[in-house]
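Next comes entry_5.tsv, a file with TSV, C-alpha atoms.
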chain	number	residue	atom	x	y	z
A	54	MET	CA	45.33	-34.47	-22.63
A	55	ASN	CA	47.20	-32.31	-25.14
A	56	ASN	CA	43.96	-30.69	-26.28
A	57	ILE	CA	43.01	-29.36	-22.83
A	58	LYS	CA	42.14	-25.65	-22.91
A	59	THR	CA	39.96	-25.32	-19.81
A	60	ILE	CA	40.46	-26.71	-16.30
A	61	ILE	CA	37.52	-26.86	-13.90
A	62	PHE	CA	38.13	-27.44	-10.20
A	63	ASP	CA	35.82	-28.53	-7.41
A	64	TRP	CA	36.16	-26.65	-4.09
A	65	GLY	CA	35.50	-28.79	-1.01
A	66	GLY	CA	37.84	-31.78	-0.94
A	67	VAL	CA	40.14	-30.23	-3.58
A	68	MET	CA	40.94	-26.68	-2.51
A	69	CYS	CA	40.30	-27.49	1.13
A	70	SER	CA	38.99	-30.26	3.33
A	71	GLU	CA	35.25	-30.84	3.09
A	72	GLY	CA	33.11	-28.43	5.10
A	73	GLU	CA	30.56	-30.14	7.35
A	74	PRO	CA	27.18	-28.47	8.03
A	75	PHE	CA	26.61	-30.75	11.02
A	76	SER	CA	29.96	-30.01	12.63
A	77	SER	CA	28.44	-28.46	15.77
A	78	LEU	CA	29.39	-30.70	18.70
A	79	ALA	CA	26.43	-29.35	20.63
A	80	LEU	CA	24.07	-30.48	17.88
A	81	GLN	CA	25.74	-33.89	17.61
A	82	LYS	CA	25.38	-34.37	21.35
A	83	LYS	CA	21.78	-33.21	21.35
A	84	VAL	CA	20.81	-35.54	18.50
A	85	GLY	CA	23.09	-38.39	19.56
A	86	LYS	CA	24.45	-38.95	16.07
A	87	LYS	CA	27.55	-38.28	13.99
A	88	PRO	CA	27.45	-35.86	11.04
A	89	ASP	CA	27.34	-38.56	8.35
A	90	GLU	CA	24.41	-40.19	10.12
A	91	MET	CA	22.53	-36.90	10.23
A	92	VAL	CA	23.15	-36.35	6.54
A	93	LEU	CA	21.46	-39.67	5.77
A	94	ASP	CA	18.56	-38.83	8.09
A	95	VAL	CA	17.73	-35.65	6.18
A	96	LEU	CA	19.27	-36.42	2.80
A	97	ASP	CA	16.56	-34.81	0.66
A	98	ILE	CA	16.64	-31.63	2.75
A	99	TYR	CA	20.44	-31.69	2.73
A	100	ASN	CA	20.66	-32.02	-1.06
A	101	ASP	CA	18.07	-29.29	-1.58
A	102	PHE	CA	20.13	-27.02	0.70
A	103	TYR	CA	22.98	-27.47	-1.77
A	104	ARG	CA	20.65	-26.96	-4.72
A	105	GLY	CA	19.75	-23.56	-3.29
A	106	VAL	CA	16.15	-24.49	-2.47
A	107	TYR	CA	16.66	-23.40	1.15
A	108	ASN	CA	18.68	-20.65	2.78
A	109	ASP	CA	20.51	-21.49	6.00
A	110	LYS	CA	17.62	-20.40	8.26
A	111	GLU	CA	15.13	-22.57	6.40
A	112	PHE	CA	17.54	-25.49	6.38
A	113	TRP	CA	18.21	-25.39	10.11
A	114	ASN	CA	14.51	-25.01	10.90
A	115	LEU	CA	13.74	-28.13	8.86
A	116	VAL	CA	16.58	-30.05	10.51
A	117	LYS	CA	15.37	-29.03	13.96
A	118	LYS	CA	11.83	-30.04	13.03
A	119	HIS	CA	13.06	-33.46	11.90
A	120	TYR	CA	14.75	-34.01	15.26
A	121	ARG	CA	11.89	-32.39	17.19
A	122	LEU	CA	14.07	-29.55	18.40
A	123	GLU	CA	11.78	-26.70	17.27
A	124	GLU	CA	11.19	-25.55	20.84
A	125	ASP	CA	14.80	-26.00	21.93
A	126	ASP	CA	16.57	-22.65	21.77
A	127	SER	CA	19.81	-23.86	23.38
A	128	ILE	CA	21.50	-24.04	19.94
A	129	SER	CA	20.94	-21.04	17.70
A	130	ASN	CA	21.10	-21.04	13.93
A	131	SER	CA	23.96	-18.58	14.20
A	132	GLU	CA	25.98	-21.02	16.33
A	133	LEU	CA	25.31	-23.82	13.84
A	134	ASN	CA	26.44	-21.62	10.96
A	135	GLN	CA	29.62	-20.56	12.72
A	136	ALA	CA	30.57	-24.16	13.48
A	137	TYR	CA	29.96	-25.03	9.83
A	138	LEU	CA	32.01	-22.16	8.41
A	139	LYS	CA	34.94	-23.09	10.66
A	140	SER	CA	34.81	-26.78	9.77
A	141	TYR	CA	37.16	-26.82	6.78
A	142	PHE	CA	40.93	-26.50	6.47
A	143	PHE	CA	42.20	-24.48	3.54
A	144	TRP	CA	45.08	-25.78	1.41
A	145	PRO	CA	46.97	-22.70	0.13
A	146	GLU	CA	49.18	-24.85	-2.13
A	147	MET	CA	46.14	-25.63	-4.27
A	148	LEU	CA	45.15	-22.03	-4.79
A	149	ASP	CA	48.78	-21.24	-5.62
A	150	PHE	CA	48.67	-24.02	-8.19
A	151	VAL	CA	45.53	-22.56	-9.77
A	152	LYS	CA	47.19	-19.16	-9.97
A	153	SER	CA	50.18	-20.74	-11.75
A	154	LEU	CA	47.85	-21.84	-14.57
A	155	LYS	CA	46.87	-18.28	-15.45
A	156	GLY	CA	47.73	-17.44	-19.04
A	157	LYS	CA	48.08	-21.12	-19.97
A	158	TYR	CA	44.51	-22.31	-19.47
A	159	LYS	CA	41.06	-20.97	-18.75
A	160	VAL	CA	40.36	-21.91	-15.14
A	161	GLY	CA	36.97	-22.28	-13.49
A	162	LEU	CA	35.41	-23.39	-10.22
A	163	LEU	CA	32.37	-25.69	-10.18
A	164	SER	CA	31.14	-26.69	-6.74
A	165	ASP	CA	28.17	-28.27	-5.03
A	166	MET	CA	27.69	-25.63	-2.36
A	167	ASN	CA	24.96	-23.95	-0.32
A	168	LYS	CA	24.52	-20.19	-0.22
A	169	ILE	CA	26.07	-19.48	3.17
A	170	MET	CA	29.34	-21.28	2.39
A	171	ARG	CA	29.44	-19.88	-1.14
A	172	ASP	CA	29.22	-16.31	0.11
A	173	HIS	CA	31.78	-17.05	2.82
A	174	ILE	CA	34.50	-18.49	0.58
A	175	GLN	CA	34.03	-15.93	-2.18
A	176	LYS	CA	34.73	-13.15	0.30
A	177	LYS	CA	37.38	-14.86	2.43
A	178	HIS	CA	39.47	-16.20	-0.44
A	179	THR	CA	38.78	-13.47	-3.05
A	180	LEU	CA	38.00	-16.13	-5.62
A	181	SER	CA	37.07	-13.67	-8.35
A	182	GLU	CA	40.79	-12.85	-8.57
A	183	VAL	CA	41.72	-16.51	-9.05
A	184	PHE	CA	39.06	-18.16	-11.21
A	185	GLN	CA	37.85	-16.78	-14.52
A	186	GLU	CA	34.40	-18.22	-13.92
A	187	GLN	CA	32.62	-19.69	-10.92
A	188	MET	CA	29.44	-21.77	-10.75
A	189	TYR	CA	27.76	-23.18	-7.66
A	190	SER	CA	24.92	-25.65	-7.34
A	191	CYS	CA	22.92	-23.14	-5.29
A	192	ASP	CA	23.23	-20.31	-7.83
A	193	LYS	CA	20.06	-18.75	-9.15
A	194	ASN	CA	18.90	-20.56	-12.31
A	195	ILE	CA	21.31	-23.47	-11.63
A	196	ASN	CA	19.81	-25.40	-8.69
A	197	LEU	CA	21.56	-28.63	-9.62
A	198	ILE	CA	24.13	-30.77	-7.87
A	199	LYS	CA	26.65	-32.73	-9.92
A	200	ASN	CA	25.06	-36.08	-9.14
A	201	ASP	CA	21.84	-34.85	-10.79
A	202	GLY	CA	23.48	-35.49	-14.15
A	203	PRO	CA	25.57	-33.78	-16.83
A	204	LYS	CA	23.47	-30.60	-17.19
A	205	ILE	CA	25.53	-28.61	-14.67
A	206	PHE	CA	28.72	-29.57	-16.52
A	207	GLU	CA	27.20	-28.46	-19.80
A	208	LEU	CA	26.23	-25.11	-18.27
A	209	MET	CA	29.71	-24.62	-16.82
A	210	MET	CA	31.38	-25.52	-20.09
A	211	LYS	CA	29.31	-22.94	-21.95
A	212	LYS	CA	30.07	-20.34	-19.29
A	213	MET	CA	33.76	-21.02	-19.84
A	214	GLY	CA	33.35	-20.54	-23.59
A	215	GLU	CA	34.10	-24.12	-24.55
A	216	ASP	CA	32.19	-25.90	-27.30
A	217	SER	CA	33.56	-29.37	-26.66
A	218	PRO	CA	33.81	-31.31	-23.38
A	219	GLN	CA	36.98	-32.91	-24.76
A	220	SER	CA	38.68	-29.52	-24.28
A	221	CYS	CA	37.92	-29.56	-20.54
A	222	LEU	CA	39.61	-31.22	-17.58
A	223	PHE	CA	37.44	-31.63	-14.47
A	224	ILE	CA	39.04	-32.23	-11.06
A	225	ASP	CA	37.02	-33.52	-8.10
A	226	ASN	CA	37.50	-35.71	-5.03
A	227	SER	CA	34.26	-37.65	-5.58
A	228	GLN	CA	34.36	-40.69	-7.86
A	229	ASN	CA	30.61	-40.44	-8.49
A	230	LYS	CA	30.94	-36.85	-9.73
A	231	ILE	CA	34.00	-37.76	-11.77
A	232	ASN	CA	31.92	-40.49	-13.43
A	233	VAL	CA	29.18	-38.01	-14.40
A	234	ALA	CA	31.73	-35.63	-15.95
A	235	LYS	CA	33.48	-38.49	-17.74
A	236	LYS	CA	30.20	-39.74	-19.18
A	237	PHE	CA	29.55	-36.23	-20.46
A	238	GLY	CA	32.86	-36.44	-22.32
A	239	MET	CA	35.23	-34.42	-20.16
A	240	HIS	CA	38.74	-35.44	-19.23
A	241	THR	CA	38.79	-36.07	-15.48
A	242	LEU	CA	41.21	-36.34	-12.60
A	243	LEU	CA	40.28	-37.80	-9.21
A	244	PHE	CA	41.84	-35.74	-6.43
A	245	LYS	CA	43.20	-37.82	-3.53
A	246	ASP	CA	45.54	-35.49	-1.64
A	247	VAL	CA	47.56	-32.35	-2.29
A	248	ASP	CA	50.98	-33.97	-2.62
A	249	SER	CA	49.80	-36.68	-5.02
A	250	PHE	CA	47.89	-34.16	-7.12
A	251	LEU	CA	50.80	-31.76	-7.49
A	252	GLU	CA	53.10	-34.63	-8.44
A	253	ASP	CA	50.63	-36.24	-10.86
A	254	THR	CA	50.00	-33.02	-12.78
A	255	LYS	CA	53.66	-32.24	-13.46
A	256	ASP	CA	53.73	-34.25	-16.66
A	257	TYR	CA	50.73	-32.75	-18.42
A	258	LEU	CA	49.83	-29.36	-16.90
Written as structure tokens, how would this file's structure read?
Amino acid sequence: MNNIKTIIFDWGGVMCSEGEPFSSLALQKKVGKKPDEMVLDVLDIYNDFYRGVYNDKEFWNLVKKHYRLEEDDSISNSELNQAYLKSYFFWPEMLDFVKSLKGKYKVGLLSDMNKIMRDHIQKKHTLSEVFQEQMYSCDKNINLIKNDGPKIFELMMKKMGEDSPQSCLFIDNSQNKINVAKKFGMHTLLFKDVDSFLEDTKDYL
């Protein structure tokens, strides 16, 4: 990896635990299912939420329609959003690590993320001060998730000013997304946990 010039990080599962849109216990109880089961029930809607096709209001209305909860006002969209935005645990060691790379590498953030969480983390964690470039699946004129194929990696690479994927290292906690980046030609690193990551990177970053 001696030719690495640019490092691109994922957010959820790398900088923090994964956020869960269906984290509302009230919704889980109402539907009678766990979050991962609900994701599978509305997978197309869920993925399009992350592609930026729907805002949070549209997403929740479609979810409620799927579960025939349109007339049930006991759980508001606001309550569902708040549960979602509180569902992840931030790992400050990872952001500190990214900051330590400044001046040595170009550092970017590439994340499959919906608009409400994107706006939340950008404000809460002042990411513009940490990453040189950011790209999200829900961004205008992007509308792609990583599993859609290499196009989003190509767009991010160009945004970072890199001509060759061999100059980029991509870090993600999803093996499927790692595989897409690897097929595109990027160096990759599968994130498992904070301690392992910080130890593994000592030798080459």
*asked:* Applying 7 Å and only C-alpha atoms, which residues near A:Leu242 remain after dropping the ones on its own chain fewer than 5 positions away? List them as a ChimeraX atom specification.
replied: /A:223-225
Could the residues in this selection be written to a file with C-alpha atoms, as a compact mmCIF listing (two decimals), keeping the file's coordinate frame?
# COMPACT_ATOMS: atom_id res chain seq x y z
CA PHE A 223 37.44 -31.63 -14.47
CA ILE A 224 39.04 -32.23 -11.06
CA ASP A 225 37.02 -33.52 -8.10
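Of the listed residues (A:Met166, A:Leu93, A:Met147, A:Leu80), A:Leu80 comes nearest to A:Asp126; the distances count only C-alpha atoms.
Between atom CA of A:Leu222 and atom CA of A:Ile57 the interatomic distance comes to 6.5 Å.
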*Separation of atom CA of A:Asn229 and atom CA of A:Gly161, in Å?*
19.9 Å
*Find the spatial neighbours of A:His240, counting only C-alpha atoms, within a cut-off of 12 Å - ignore same-chain residues fewer than 2 positions away - and output them as a PyMOL selection string.*
chain A and resi 54-61+206+217-225+231-238+242-243
Would you save the residues from that selection as a short mmCIF file (atom, residue, chain, number, x, y, z; two decimals), keeping the file's coordinate frame, using C-alpha atoms?
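Saved as result_22.cif:
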data_model
loop_
_atom_site.label_atom_id
_atom_site.label_comp_id
_atom_site.auth_asym_id
_atom_site.auth_seq_id
_atom_site.Cartn_x
_atom_site.Cartn_y
_atom_site.Cartn_z
CA MET A 54 45.33 -34.47 -22.63
CA ASN A 55 47.20 -32.31 -25.14
CA ASN A 56 43.96 -30.69 -26.28
CA ILE A 57 43.01 -29.36 -22.83
CA LYS A 58 42.14 -25.65 -22.91
CA THR A 59 39.96 -25.32 -19.81
CA ILE A 60 40.46 -26.71 -16.30
CA ILE A 61 37.52 -26.86 -13.90
CA PHE A 206 28.72 -29.57 -16.52
CA SER A 217 33.56 -29.37 -26.66
CA PRO A 218 33.81 -31.31 -23.38
CA GLN A 219 36.98 -32.91 -24.76
CA SER A 220 38.68 -29.52 -24.28
CA CYS A 221 37.92 -29.56 -20.54
CA LEU A 222 39.61 -31.22 -17.58
CA PHE A 223 37.44 -31.63 -14.47
CA ILE A 224 39.04 -32.23 -11.06
CA ASP A 225 37.02 -33.52 -8.10
CA ILE A 231 34.00 -37.76 -11.77
CA ASN A 232 31.92 -40.49 -13.43
CA VAL A 233 29.18 -38.01 -14.40
CA ALA A 234 31.73 -35.63 -15.95
CA LYS A 235 33.48 -38.49 -17.74
CA LYS A 236 30.20 -39.74 -19.18
CA PHE A 237 29.55 -36.23 -20.46
CA GLY A 238 32.86 -36.44 -22.32
CA LEU A 242 41.21 -36.34 -12.60
CA LEU A 243 40.28 -37.80 -9.21
#
